[in-house]
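This report refers to the structure that appears directly beneath it.
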Amino acid sequence: MDKSFQISRRTFLGRCSATAAATGLPLWFAQEQLAGAAEAVADKPTLPSPNDRPGIALVGCGGQGRGDASNAANYGEIVAVCDVDQRHAAAAAKKFAGDGKTPAIYNDFRKVMERDDVHIIVQGTPDHWHTLVNLAAAKVKKDIYGEKPLTLTIDEGKHVVKAVRSNRVVFQTGTQQRSDMRFHLACELVRNGRIGKLQQVDVFVPAGLREGPFHSVPVPDGLNWDFWQGQTPSVDYVKERCHTMFRWWFDYSGGPVTDWGAHHNDIARWAIGLDGPVDVEAKVVTGPIPGGYTTPGEFEATLNWANGVKQVVRTTTDDDWGGWVLNEKGQRNGVKFQGTEGWIWVNRDEISASDKELLRAPLPSNAIRLEVSHNHMGNFFSSVRSRKDPISNIEGGHRSASVGHLIVIALRSGRKFQWDPEKEIFIGDGAQLGNSQLAREMRKPYDYSFIG
Ligand SMILES: NC(=O)c1ccc[n+]([C@@H]2O[C@H](COP(=O)([O-])OP(=O)(O)OC[C@H]3O[C@@H](n4cnc5c(N)ncnc54)[C@H](O)[C@@H]3O)[C@@H](O)[C@H]2O)c1
């Protein structure tokens with residue numbers, strides 16, 4: 001091991017205790033995880049010189065894109081930024097300027113893909129643009145850190161998986177809860193039967209916004225509204241359809257279940273250990289206001305998995321849509337695993353169990369181990385160098401996004417469907433209706449031909 005990673009046993013144990021105290025994780029798990037992390041860092045190939053930092057382009061310079069690019073800037077140089085809103089592109093270029101260099105500004109991502117000095121695409125566009133940007137990047141063999149949910153539809157996911165694999169690019173989906181030790185511990189314990197046989201997974205996501213009606217207004221200077229809308233139906237500009245709020249419109253996204261659901265359903269799937277459910281049904285609890293956001297603020301869905309696990313996905317109004325606590329005594333967003341011998345609850349703040357011993361007792365040396373990552377962006381750059389899959393690989397990103405898309409299809413159809421997770425098609429009663437919703441018509445010129 002590299003000398004720089006050799007720390008005294010005392011220092012190591014001190015770090016483990018501090019991590020355990022700060023996170024509420026059991027000490028045995030913190031020790032295992034931190035020991036694993038030191039080895040993972042030591043395994044990383046060293047760069048020949050500080051100049052050998054990959055060139056990064058940010059496509060989609062809104063809130064999350066800028067946040068992701070800030071993390072990526074620890075591992076490479078932001079050489080280009082791209083947005084269909086010039087104000088957002090300009091703000092990002094200013095943010096990532098330094099050492100006398102300012103990233104080049106683009107409004108059309110296809111031009112970014114032509115640059116040889118761009119090795120990596122960080123992509124933070126709204127959901128309805130993810131697929132075409134990811135496909136364009138994969139085609140010219142650029143590695144991609146792409147935001148969740150992977151796609152707008154299940155069919156798009158099949159295209160992206162194929163392109164990523166056939167072009168051999170590294171793809172990390174922005175489902176960063178896989179790089180969080182609490183979620184890792186919960187899933188590893190469940191996989192090892194710590195709560196007996198897993199029977200039910202309850203997923204709680206923050207309720208979506210229920211607002212409206214909204215009215216069209218002039219398109220702001222600097223925003224290319226037609227380009228922003230891309231493949232979706234063309235409508236007059238409505239501020240609440242655009243930045244940040246696009247997630248509450250079925251045209252661009254899926255509401256709470258593809259927003260927070262992309263994270264918590266990914267964790268549920270990690271613990272369940274299967275590709276997809278065998279059936280899905282969903283009901284709207286609070287419907288939209290006419291002329292307002294189109295995704296229901298509150299809903300409830302039930303999915304069954306081939307190993308007998310029932311998954312219930314529900315909204316909670318006790319956390320706001322960003323995940324902040326509204327009602328201290330209410331239902332937090334998170335995931336609860338219920339087994340024949342107890343339960344484990346986990347979210348971004350805590351992990352708890354029906355009996356503390358369920359968390360305290362170490363796993364045996366022959367236990368099933370899940371992949372370890374403590375830093376989602378770092379894990380991606382490590383994979384860029386090793387060419388091994390990162391923790392949220394493309395198939396995982398696709399399958400976890402599909403859970404949300406299946407719920408959206410059931411919500412919008414108002415009926416129960418049977419799903420074949422192997423063939424990725426609906427089967428049985430209602431199959432024709434379901435299968436007609438696996439893809440959407442893409443408005444020209446923003447269909448697959450747009451990227452050549
Ligand atoms: N991983 C997480 O925890 C997390 C958190 C928040 C958002 N997200 C995801 O990140 C994505 C962006 O969300 P946001 O909240 O930052 O949205 P946002 O509206 O703030 O930003 C999106 C940006 O993309 C730009 N854009 C739209 N079409 C484009 C195109 N064709 N080319 C280039 N730029 C384009 C928009 O103009 C805007 O600046 C969403 O898919 C969302 O689900 C992930």
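Residue numbers start at 1 in each chain; chains themselves are named A, B, ... in the order of the structure tokens; ligands are numbered from 1 in the order shown.
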Ligand 1: which residues are within 7 Å, counting only C-alpha atoms and all ligand atoms, as a compact mmCIF listing (two decimals) with all heavy atoms, in the first residue's frame?
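Result saved to selection_29.txt:
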# COMPACT_ATOMS: atom_id res chain seq x y z
N VAL A 59 -23.24 19.93 -19.23
CA VAL A 59 -24.41 20.17 -20.10
C VAL A 59 -25.65 20.24 -19.20
O VAL A 59 -25.99 19.25 -18.54
CB VAL A 59 -24.58 19.06 -21.16
CG1 VAL A 59 -25.80 19.33 -22.02
CG2 VAL A 59 -23.33 18.94 -22.02
N GLY A 60 -26.29 21.41 -19.16
CA GLY A 60 -27.42 21.62 -18.25
C GLY A 60 -26.90 22.27 -16.98
O GLY A 60 -26.49 21.58 -16.04
N CYS A 61 -26.89 23.63 -16.99
CA CYS A 61 -26.19 24.37 -15.93
C CYS A 61 -27.16 24.93 -14.88
O CYS A 61 -27.02 26.06 -14.43
CB CYS A 61 -25.40 25.53 -16.53
SG CYS A 61 -24.28 25.03 -17.85
N GLY A 62 -28.17 24.14 -14.50
CA GLY A 62 -29.08 24.57 -13.44
C GLY A 62 -28.52 24.20 -12.09
O GLY A 62 -27.32 23.96 -11.93
N GLY A 63 -29.42 24.09 -11.10
CA GLY A 63 -28.99 23.84 -9.73
C GLY A 63 -28.15 22.59 -9.59
O GLY A 63 -27.02 22.62 -9.09
N GLN A 64 -28.67 21.45 -10.02
CA GLN A 64 -27.96 20.19 -9.81
C GLN A 64 -26.72 20.08 -10.70
O GLN A 64 -25.68 19.61 -10.26
CB GLN A 64 -28.90 19.01 -10.07
CG GLN A 64 -28.32 17.67 -9.72
CD GLN A 64 -28.03 17.51 -8.24
OE1 GLN A 64 -28.53 18.26 -7.41
NE2 GLN A 64 -27.20 16.54 -7.91
N GLY A 65 -26.84 20.53 -11.94
CA GLY A 65 -25.68 20.47 -12.85
C GLY A 65 -24.50 21.24 -12.28
O GLY A 65 -23.36 20.74 -12.27
N CYS A 82 -22.61 24.27 -21.18
CA CYS A 82 -23.61 24.35 -22.23
C CYS A 82 -25.01 24.41 -21.62
O CYS A 82 -25.33 23.63 -20.72
CB CYS A 82 -23.49 23.10 -23.12
SG CYS A 82 -24.83 22.94 -24.31
N ASP A 83 -25.78 25.36 -22.10
CA ASP A 83 -27.18 25.45 -21.64
C ASP A 83 -28.00 26.16 -22.71
O ASP A 83 -27.47 27.04 -23.41
CB ASP A 83 -27.26 26.21 -20.30
CG ASP A 83 -28.54 25.89 -19.54
OD1 ASP A 83 -29.63 26.22 -20.04
OD2 ASP A 83 -28.45 25.31 -18.45
N VAL A 84 -29.27 25.80 -22.82
CA VAL A 84 -30.16 26.49 -23.77
C VAL A 84 -30.65 27.82 -23.20
O VAL A 84 -31.32 28.57 -23.89
CB VAL A 84 -31.36 25.61 -24.18
CG1 VAL A 84 -30.89 24.38 -24.94
CG2 VAL A 84 -32.18 25.19 -22.95
N ASP A 85 -30.32 28.06 -21.95
CA ASP A 85 -30.59 29.37 -21.33
C ASP A 85 -29.23 30.06 -21.14
O ASP A 85 -28.42 29.63 -20.31
CB ASP A 85 -31.30 29.19 -19.99
CG ASP A 85 -31.74 30.52 -19.39
OD1 ASP A 85 -31.09 31.55 -19.69
OD2 ASP A 85 -32.74 30.53 -18.64
N HIS A 88 -27.99 30.90 -17.64
CA HIS A 88 -27.45 29.80 -16.84
C HIS A 88 -26.05 29.40 -17.30
O HIS A 88 -25.19 29.10 -16.48
CB HIS A 88 -28.39 28.58 -16.91
CG HIS A 88 -29.60 28.73 -16.05
ND1 HIS A 88 -30.40 27.68 -15.69
CD2 HIS A 88 -30.15 29.82 -15.46
CE1 HIS A 88 -31.39 28.11 -14.92
NE2 HIS A 88 -31.27 29.41 -14.78
N ASN A 107 -24.52 26.65 -26.54
CA ASN A 107 -25.97 26.54 -26.37
C ASN A 107 -26.50 25.25 -27.00
O ASN A 107 -27.64 24.86 -26.74
CB ASN A 107 -26.68 27.74 -27.00
CG ASN A 107 -26.20 29.04 -26.39
OD1 ASN A 107 -25.66 29.90 -27.08
ND2 ASN A 107 -26.33 29.18 -25.08
N ASP A 108 -25.67 24.61 -27.82
CA ASP A 108 -26.08 23.36 -28.48
C ASP A 108 -25.08 22.27 -28.07
O ASP A 108 -23.89 22.33 -28.44
CB ASP A 108 -26.07 23.56 -30.01
CG ASP A 108 -26.60 22.34 -30.75
OD1 ASP A 108 -26.51 21.22 -30.20
OD2 ASP A 108 -27.07 22.52 -31.89
N PHE A 109 -25.55 21.27 -27.33
CA PHE A 109 -24.64 20.25 -26.79
C PHE A 109 -23.93 19.44 -27.88
O PHE A 109 -22.88 18.85 -27.64
CB PHE A 109 -25.39 19.31 -25.82
CG PHE A 109 -26.48 18.50 -26.46
CD1 PHE A 109 -26.21 17.25 -27.02
CD2 PHE A 109 -27.78 18.97 -26.50
CE1 PHE A 109 -27.22 16.49 -27.59
CE2 PHE A 109 -28.80 18.22 -27.09
CZ PHE A 109 -28.52 16.98 -27.64
N GLY A 124 -26.76 17.65 -16.43
CA GLY A 124 -27.79 18.05 -15.46
C GLY A 124 -28.98 18.70 -16.14
O GLY A 124 -29.55 19.67 -15.63
N THR A 125 -29.35 18.19 -17.31
CA THR A 125 -30.53 18.74 -18.01
C THR A 125 -31.79 18.17 -17.35
O THR A 125 -31.73 17.20 -16.58
CB THR A 125 -30.51 18.32 -19.50
OG1 THR A 125 -30.56 16.89 -19.57
CG2 THR A 125 -29.28 18.84 -20.23
N PRO A 126 -32.97 18.74 -17.67
CA PRO A 126 -34.22 18.12 -17.18
C PRO A 126 -34.38 16.73 -17.79
O PRO A 126 -33.81 16.41 -18.83
CB PRO A 126 -35.30 19.06 -17.70
CG PRO A 126 -34.61 20.31 -18.10
CD PRO A 126 -33.22 19.94 -18.47
N ASP A 127 -35.25 15.91 -17.16
CA ASP A 127 -35.35 14.49 -17.52
C ASP A 127 -35.59 14.24 -19.01
O ASP A 127 -35.08 13.27 -19.57
CB ASP A 127 -36.51 13.83 -16.75
CG ASP A 127 -36.44 14.08 -15.24
OD1 ASP A 127 -35.55 14.82 -14.81
OD2 ASP A 127 -37.29 13.54 -14.52
N TRP A 129 -34.46 15.59 -21.51
CA TRP A 129 -33.28 15.74 -22.36
C TRP A 129 -32.17 14.73 -22.06
O TRP A 129 -31.20 14.62 -22.81
CB TRP A 129 -32.72 17.18 -22.25
CG TRP A 129 -33.23 18.07 -23.35
CD1 TRP A 129 -34.08 19.12 -23.23
CD2 TRP A 129 -32.94 17.97 -24.75
NE1 TRP A 129 -34.35 19.68 -24.45
CE2 TRP A 129 -33.65 18.98 -25.41
CE3 TRP A 129 -32.15 17.10 -25.53
CZ2 TRP A 129 -33.59 19.17 -26.79
CZ3 TRP A 129 -32.10 17.29 -26.91
CH2 TRP A 129 -32.82 18.31 -27.52
N GLU A 147 -27.41 12.65 -14.60
CA GLU A 147 -28.37 12.74 -13.50
C GLU A 147 -29.51 11.72 -13.59
O GLU A 147 -29.85 11.24 -14.65
CB GLU A 147 -28.91 14.17 -13.38
CG GLU A 147 -28.13 15.01 -12.38
CD GLU A 147 -27.93 14.33 -11.02
OE1 GLU A 147 -28.77 13.50 -10.63
OE2 GLU A 147 -26.93 14.61 -10.36
N LYS A 148 -30.06 11.44 -12.42
CA LYS A 148 -31.26 10.61 -12.31
C LYS A 148 -32.48 11.46 -12.61
O LYS A 148 -32.38 12.69 -12.49
CB LYS A 148 -31.39 9.99 -10.92
CG LYS A 148 -31.26 10.89 -9.70
CD LYS A 148 -32.04 12.12 -9.48
CE LYS A 148 -33.53 12.07 -9.41
NZ LYS A 148 -34.16 13.39 -9.07
N PRO A 149 -33.64 10.92 -12.91
CA PRO A 149 -33.83 9.54 -13.35
C PRO A 149 -33.17 9.38 -14.72
O PRO A 149 -33.16 10.33 -15.50
CB PRO A 149 -35.35 9.43 -13.45
CG PRO A 149 -35.81 10.83 -13.77
CD PRO A 149 -34.87 11.73 -13.06
N GLY A 174 -26.68 9.49 -11.39
CA GLY A 174 -26.62 10.36 -10.21
C GLY A 174 -27.50 9.92 -9.05
O GLY A 174 -28.14 10.74 -8.39
N THR A 175 -27.53 8.61 -8.78
CA THR A 175 -28.27 8.09 -7.62
C THR A 175 -27.26 7.93 -6.48
O THR A 175 -26.82 6.83 -6.16
CB THR A 175 -28.92 6.73 -7.97
OG1 THR A 175 -27.98 5.95 -8.72
CG2 THR A 175 -30.17 6.91 -8.80
N GLN A 176 -26.92 9.07 -5.87
CA GLN A 176 -25.78 9.10 -4.95
C GLN A 176 -26.03 8.41 -3.61
O GLN A 176 -25.11 8.24 -2.83
CB GLN A 176 -25.31 10.54 -4.73
CG GLN A 176 -26.23 11.43 -3.91
CD GLN A 176 -27.28 12.12 -4.79
OE1 GLN A 176 -27.48 11.77 -5.94
NE2 GLN A 176 -27.97 13.09 -4.23
N PHE A 227 -35.92 24.84 -27.93
CA PHE A 227 -34.85 23.87 -27.66
C PHE A 227 -35.06 23.27 -26.27
O PHE A 227 -34.91 22.06 -26.05
CB PHE A 227 -33.49 24.56 -27.76
CG PHE A 227 -32.32 23.65 -28.07
CD1 PHE A 227 -31.16 24.17 -28.66
CD2 PHE A 227 -32.35 22.29 -27.79
CE1 PHE A 227 -30.07 23.36 -28.95
CE2 PHE A 227 -31.26 21.47 -28.06
CZ PHE A 227 -30.11 22.01 -28.64
N TRP A 228 -35.42 24.11 -25.31
CA TRP A 228 -35.64 23.60 -23.93
C TRP A 228 -36.71 22.50 -23.96
O TRP A 228 -36.57 21.46 -23.33
CB TRP A 228 -36.07 24.73 -23.00
CG TRP A 228 -36.14 24.32 -21.55
CD1 TRP A 228 -35.18 24.51 -20.59
CD2 TRP A 228 -37.21 23.60 -20.89
NE1 TRP A 228 -35.59 23.97 -19.38
CE2 TRP A 228 -36.84 23.40 -19.54
CE3 TRP A 228 -38.45 23.10 -21.30
CZ2 TRP A 228 -37.64 22.74 -18.62
CZ3 TRP A 228 -39.26 22.42 -20.38
CH2 TRP A 228 -38.85 22.25 -19.06
N GLY A 230 -37.59 20.60 -26.44
CA GLY A 230 -37.07 19.41 -27.10
C GLY A 230 -38.15 18.50 -27.63
O GLY A 230 -39.07 18.94 -28.33
N CYS A 242 -40.82 25.49 -16.59
CA CYS A 242 -39.41 25.50 -16.99
C CYS A 242 -38.49 25.16 -15.80
O CYS A 242 -38.66 24.12 -15.18
CB CYS A 242 -39.12 26.84 -17.64
SG CYS A 242 -37.56 26.90 -18.51
N HIS A 243 -37.54 26.03 -15.52
CA HIS A 243 -36.47 25.69 -14.58
C HIS A 243 -36.99 25.15 -13.24
O HIS A 243 -37.92 25.70 -12.67
CB HIS A 243 -35.58 26.90 -14.32
CG HIS A 243 -34.93 27.42 -15.58
ND1 HIS A 243 -34.42 26.57 -16.54
CD2 HIS A 243 -34.72 28.66 -16.04
CE1 HIS A 243 -33.91 27.28 -17.53
NE2 HIS A 243 -34.09 28.56 -17.26
N THR A 244 -36.39 24.12 -12.79
CA THR A 244 -36.64 23.46 -11.50
C THR A 244 -38.03 22.82 -11.41
O THR A 244 -38.17 21.68 -10.96
CB THR A 244 -36.49 24.45 -10.30
OG1 THR A 244 -35.27 25.15 -10.47
CG2 THR A 244 -36.46 23.71 -8.98
N MET A 245 -39.07 23.55 -11.87
CA MET A 245 -40.45 23.07 -11.68
C MET A 245 -40.90 22.09 -12.76
O MET A 245 -42.02 21.56 -12.69
CB MET A 245 -41.41 24.27 -11.62
CG MET A 245 -41.13 25.17 -10.46
SD MET A 245 -41.03 24.21 -8.93
CE MET A 245 -40.46 25.45 -7.78
N PHE A 246 -40.04 21.85 -13.76
CA PHE A 246 -40.39 20.89 -14.83
C PHE A 246 -40.76 19.53 -14.23
O PHE A 246 -41.51 18.76 -14.83
CB PHE A 246 -39.22 20.70 -15.80
CG PHE A 246 -38.02 20.11 -15.13
CD1 PHE A 246 -37.90 18.73 -15.00
CD2 PHE A 246 -37.01 20.90 -14.59
CE1 PHE A 246 -36.82 18.16 -14.33
CE2 PHE A 246 -35.94 20.35 -13.93
CZ PHE A 246 -35.84 18.99 -13.80
N ASP A 259 -38.67 11.74 -9.10
CA ASP A 259 -37.76 12.70 -8.47
C ASP A 259 -37.09 12.00 -7.27
O ASP A 259 -36.09 11.32 -7.44
CB ASP A 259 -38.55 13.96 -8.09
CG ASP A 259 -37.65 15.13 -7.79
OD1 ASP A 259 -36.61 15.25 -8.45
OD2 ASP A 259 -37.95 15.92 -6.85
Practice problem: Give the strand (DSSP E) residues of region 323-419 of chain A, as DSSP finds them on the backbone, and put them as a PyMOL selection string. | Solution: chain A and resi 334-339+342-346+351-353+417-419
Self-check item: Contact residues around region 316-332 of chain A with only C-alpha atoms at 9 Å, ignoring same-chain residues under 5 positions, as an MDAnalysis selection string
Solution: chainID A and resid 204:209 256 260 298 347
Print the selection's residues with N, CA and C atoms to a file, as a PDB file, in the first residue's frame.
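Done, and the output landed in selection-v9.pdb:
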ATOM      1  N   PHE A 204     -41.167   5.951   1.247  1.00  0.00           N
ATOM      2  CA  PHE A 204     -41.890   7.221   1.402  1.00  0.00           C
ATOM      3  C   PHE A 204     -41.119   8.304   0.665  1.00  0.00           C
ATOM      4  N   VAL A 205     -41.797   8.986  -0.249  1.00  0.00           N
ATOM      5  CA  VAL A 205     -41.160  10.109  -0.967  1.00  0.00           C
ATOM      6  C   VAL A 205     -41.927  11.390  -0.641  1.00  0.00           C
ATOM      7  N   PRO A 206     -41.222  12.532  -0.604  1.00  0.00           N
ATOM      8  CA  PRO A 206     -41.940  13.771  -0.332  1.00  0.00           C
ATOM      9  C   PRO A 206     -43.016  14.018  -1.397  1.00  0.00           C
ATOM     10  N   ALA A 207     -44.179  14.488  -0.952  1.00  0.00           N
ATOM     11  CA  ALA A 207     -45.259  14.789  -1.903  1.00  0.00           C
ATOM     12  C   ALA A 207     -44.798  15.870  -2.870  1.00  0.00           C
ATOM     13  N   GLY A 208     -45.395  15.858  -4.062  1.00  0.00           N
ATOM     14  CA  GLY A 208     -45.048  16.874  -5.059  1.00  0.00           C
ATOM     15  C   GLY A 208     -45.878  18.136  -4.851  1.00  0.00           C
ATOM     16  N   LEU A 209     -45.586  19.155  -5.633  1.00  0.00           N
ATOM     17  CA  LEU A 209     -46.337  20.401  -5.517  1.00  0.00           C
ATOM     18  C   LEU A 209     -47.688  20.278  -6.220  1.00  0.00           C
ATOM     19  N   PRO A 256     -43.173  13.197  -8.095  1.00  0.00           N
ATOM     20  CA  PRO A 256     -42.400  12.706  -6.935  1.00  0.00           C
ATOM     21  C   PRO A 256     -41.754  11.343  -7.152  1.00  0.00           C
ATOM     22  N   TRP A 260     -37.634  12.093  -6.082  1.00  0.00           N
ATOM     23  CA  TRP A 260     -37.076  11.367  -4.927  1.00  0.00           C
ATOM     24  C   TRP A 260     -37.180   9.862  -5.123  1.00  0.00           C
ATOM     25  N   GLU A 298     -49.931  13.697  -4.433  1.00  0.00           N
ATOM     26  CA  GLU A 298     -49.889  12.529  -3.549  1.00  0.00           C
ATOM     27  C   GLU A 298     -50.408  11.297  -4.284  1.00  0.00           C
ATOM     28  N   ASN A 347     -32.844   6.599   6.079  1.00  0.00           N
ATOM     29  CA  ASN A 347     -32.967   7.739   5.153  1.00  0.00           C
ATOM     30  C   ASN A 347     -31.649   8.508   5.176  1.00  0.00           C
TER      31      ASN A 347
END
Quiz prompt | Contacts of Val219 (chain A) within 9 Å, only C-alpha atoms, excl. fewer than 3 positions in-chain, as an MDAnalysis selection string | solution = chainID A and resid 216 222:225 236:239
Practice problem: Determine which residues of region 12-253 of chain A receive a DSSP assignment of helix (DSSP H, G or I), computed from the backbone, and state them as a ChimeraX atom specification. | Solution: /A:12-23,27-43,63-72,86-95,109-112,127-139,154-166,176-179,181-191,225-229,239-241,245-248
Quiz prompt | 10 Å contact set for Phe450 (chain A), only C-alpha atoms, chain neighbours under 3 positions out, as an MDAnalysis selection string | solution = chainID A and resid 110 132 136 230:231 444:447
Save the residues we just selected, N, CA, C and O atoms, as a PDB file, in the first residue's frame?
ATOM      1  N   ARG A 110     -24.492  19.428 -29.088  1.00  0.00           N
ATOM      2  CA  ARG A 110     -23.851  18.645 -30.150  1.00  0.00           C
ATOM      3  C   ARG A 110     -22.482  19.218 -30.488  1.00  0.00           C
ATOM      4  O   ARG A 110     -21.570  18.492 -30.873  1.00  0.00           O
ATOM      5  N   LEU A 132     -31.059  12.033 -25.096  1.00  0.00           N
ATOM      6  CA  LEU A 132     -30.346  12.464 -26.310  1.00  0.00           C
ATOM      7  C   LEU A 132     -28.942  12.977 -25.973  1.00  0.00           C
ATOM      8  O   LEU A 132     -27.985  12.739 -26.719  1.00  0.00           O
ATOM      9  N   ALA A 136     -25.607  11.163 -27.391  1.00  0.00           N
ATOM     10  CA  ALA A 136     -24.630  11.933 -28.176  1.00  0.00           C
ATOM     11  C   ALA A 136     -23.233  11.786 -27.568  1.00  0.00           C
ATOM     12  O   ALA A 136     -22.237  11.648 -28.291  1.00  0.00           O
ATOM     13  N   GLY A 230     -37.591  20.605 -26.441  1.00  0.00           N
ATOM     14  CA  GLY A 230     -37.066  19.410 -27.100  1.00  0.00           C
ATOM     15  C   GLY A 230     -38.155  18.503 -27.630  1.00  0.00           C
ATOM     16  O   GLY A 230     -39.067  18.938 -28.330  1.00  0.00           O
ATOM     17  N   GLN A 231     -38.070  17.225 -27.268  1.00  0.00           N
ATOM     18  CA  GLN A 231     -38.989  16.197 -27.798  1.00  0.00           C
ATOM     19  C   GLN A 231     -40.446  16.365 -27.357  1.00  0.00           C
ATOM     20  O   GLN A 231     -41.331  15.694 -27.871  1.00  0.00           O
ATOM     21  N   LYS A 444     -40.336  16.407 -33.650  1.00  0.00           N
ATOM     22  CA  LYS A 444     -39.208  16.707 -34.537  1.00  0.00           C
ATOM     23  C   LYS A 444     -38.807  18.172 -34.413  1.00  0.00           C
ATOM     24  O   LYS A 444     -39.676  18.993 -34.129  1.00  0.00           O
ATOM     25  N   PRO A 445     -37.561  18.548 -34.545  1.00  0.00           N
ATOM     26  CA  PRO A 445     -36.454  17.670 -34.960  1.00  0.00           C
ATOM     27  C   PRO A 445     -35.777  16.969 -33.793  1.00  0.00           C
ATOM     28  O   PRO A 445     -34.702  16.404 -33.952  1.00  0.00           O
ATOM     29  N   TYR A 446     -36.406  16.992 -32.594  1.00  0.00           N
ATOM     30  CA  TYR A 446     -35.707  16.512 -31.386  1.00  0.00           C
ATOM     31  C   TYR A 446     -35.940  15.027 -31.131  1.00  0.00           C
ATOM     32  O   TYR A 446     -36.198  14.615 -30.002  1.00  0.00           O
ATOM     33  N   ASP A 447     -35.900  14.228 -32.200  1.00  0.00           N
ATOM     34  CA  ASP A 447     -36.006  12.784 -32.005  1.00  0.00           C
ATOM     35  C   ASP A 447     -34.598  12.179 -32.125  1.00  0.00           C
ATOM     36  O   ASP A 447     -33.603  12.912 -32.130  1.00  0.00           O
TER      37      ASP A 447
END
Exercise. Give me the residues within 12 Å of Ala401 (chain A) as a VMD selection string, counting only C-alpha atoms and dropping any in the same chain fewer than 3 places off.
Key: chain A and resid 127 147 to 158 173 to 175 253 to 254 257 to 267 269 275 to 276 392 394 to 398 404 to 408
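Residue nearest Ile425 (chain A) within the list A:Val278, A:Ala361, A:Ala91, A:Val118: A:Val278 [criterion: smallest interatomic distance, only C-alpha atoms].
Atom pair CA of Met377 (chain A) / CA of Leu58 (chain A): separated by 13.8 Å.
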Quiz item: Quick one: residues within 12 Å of region 27-36 of chain A, only C-alpha atoms counted, chain neighbours fewer than 3 positions away excluded, as a PyMOL selection string?
Solution: chain A and resi 5-7+9+11-24+39-43+179-182+184-186+188-189+359-365+369-374
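For the pair CA of Val190 (chain A) and CA of Val403 (chain A), the interatomic distance is 19.7 Å.
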Quiz item: For Thr131 (chain A), which of A:Gln86, A:Asn375, A:Lys310, A:Val160 is the closest residue, counting only C-alpha atoms?
Solution: A:Val160
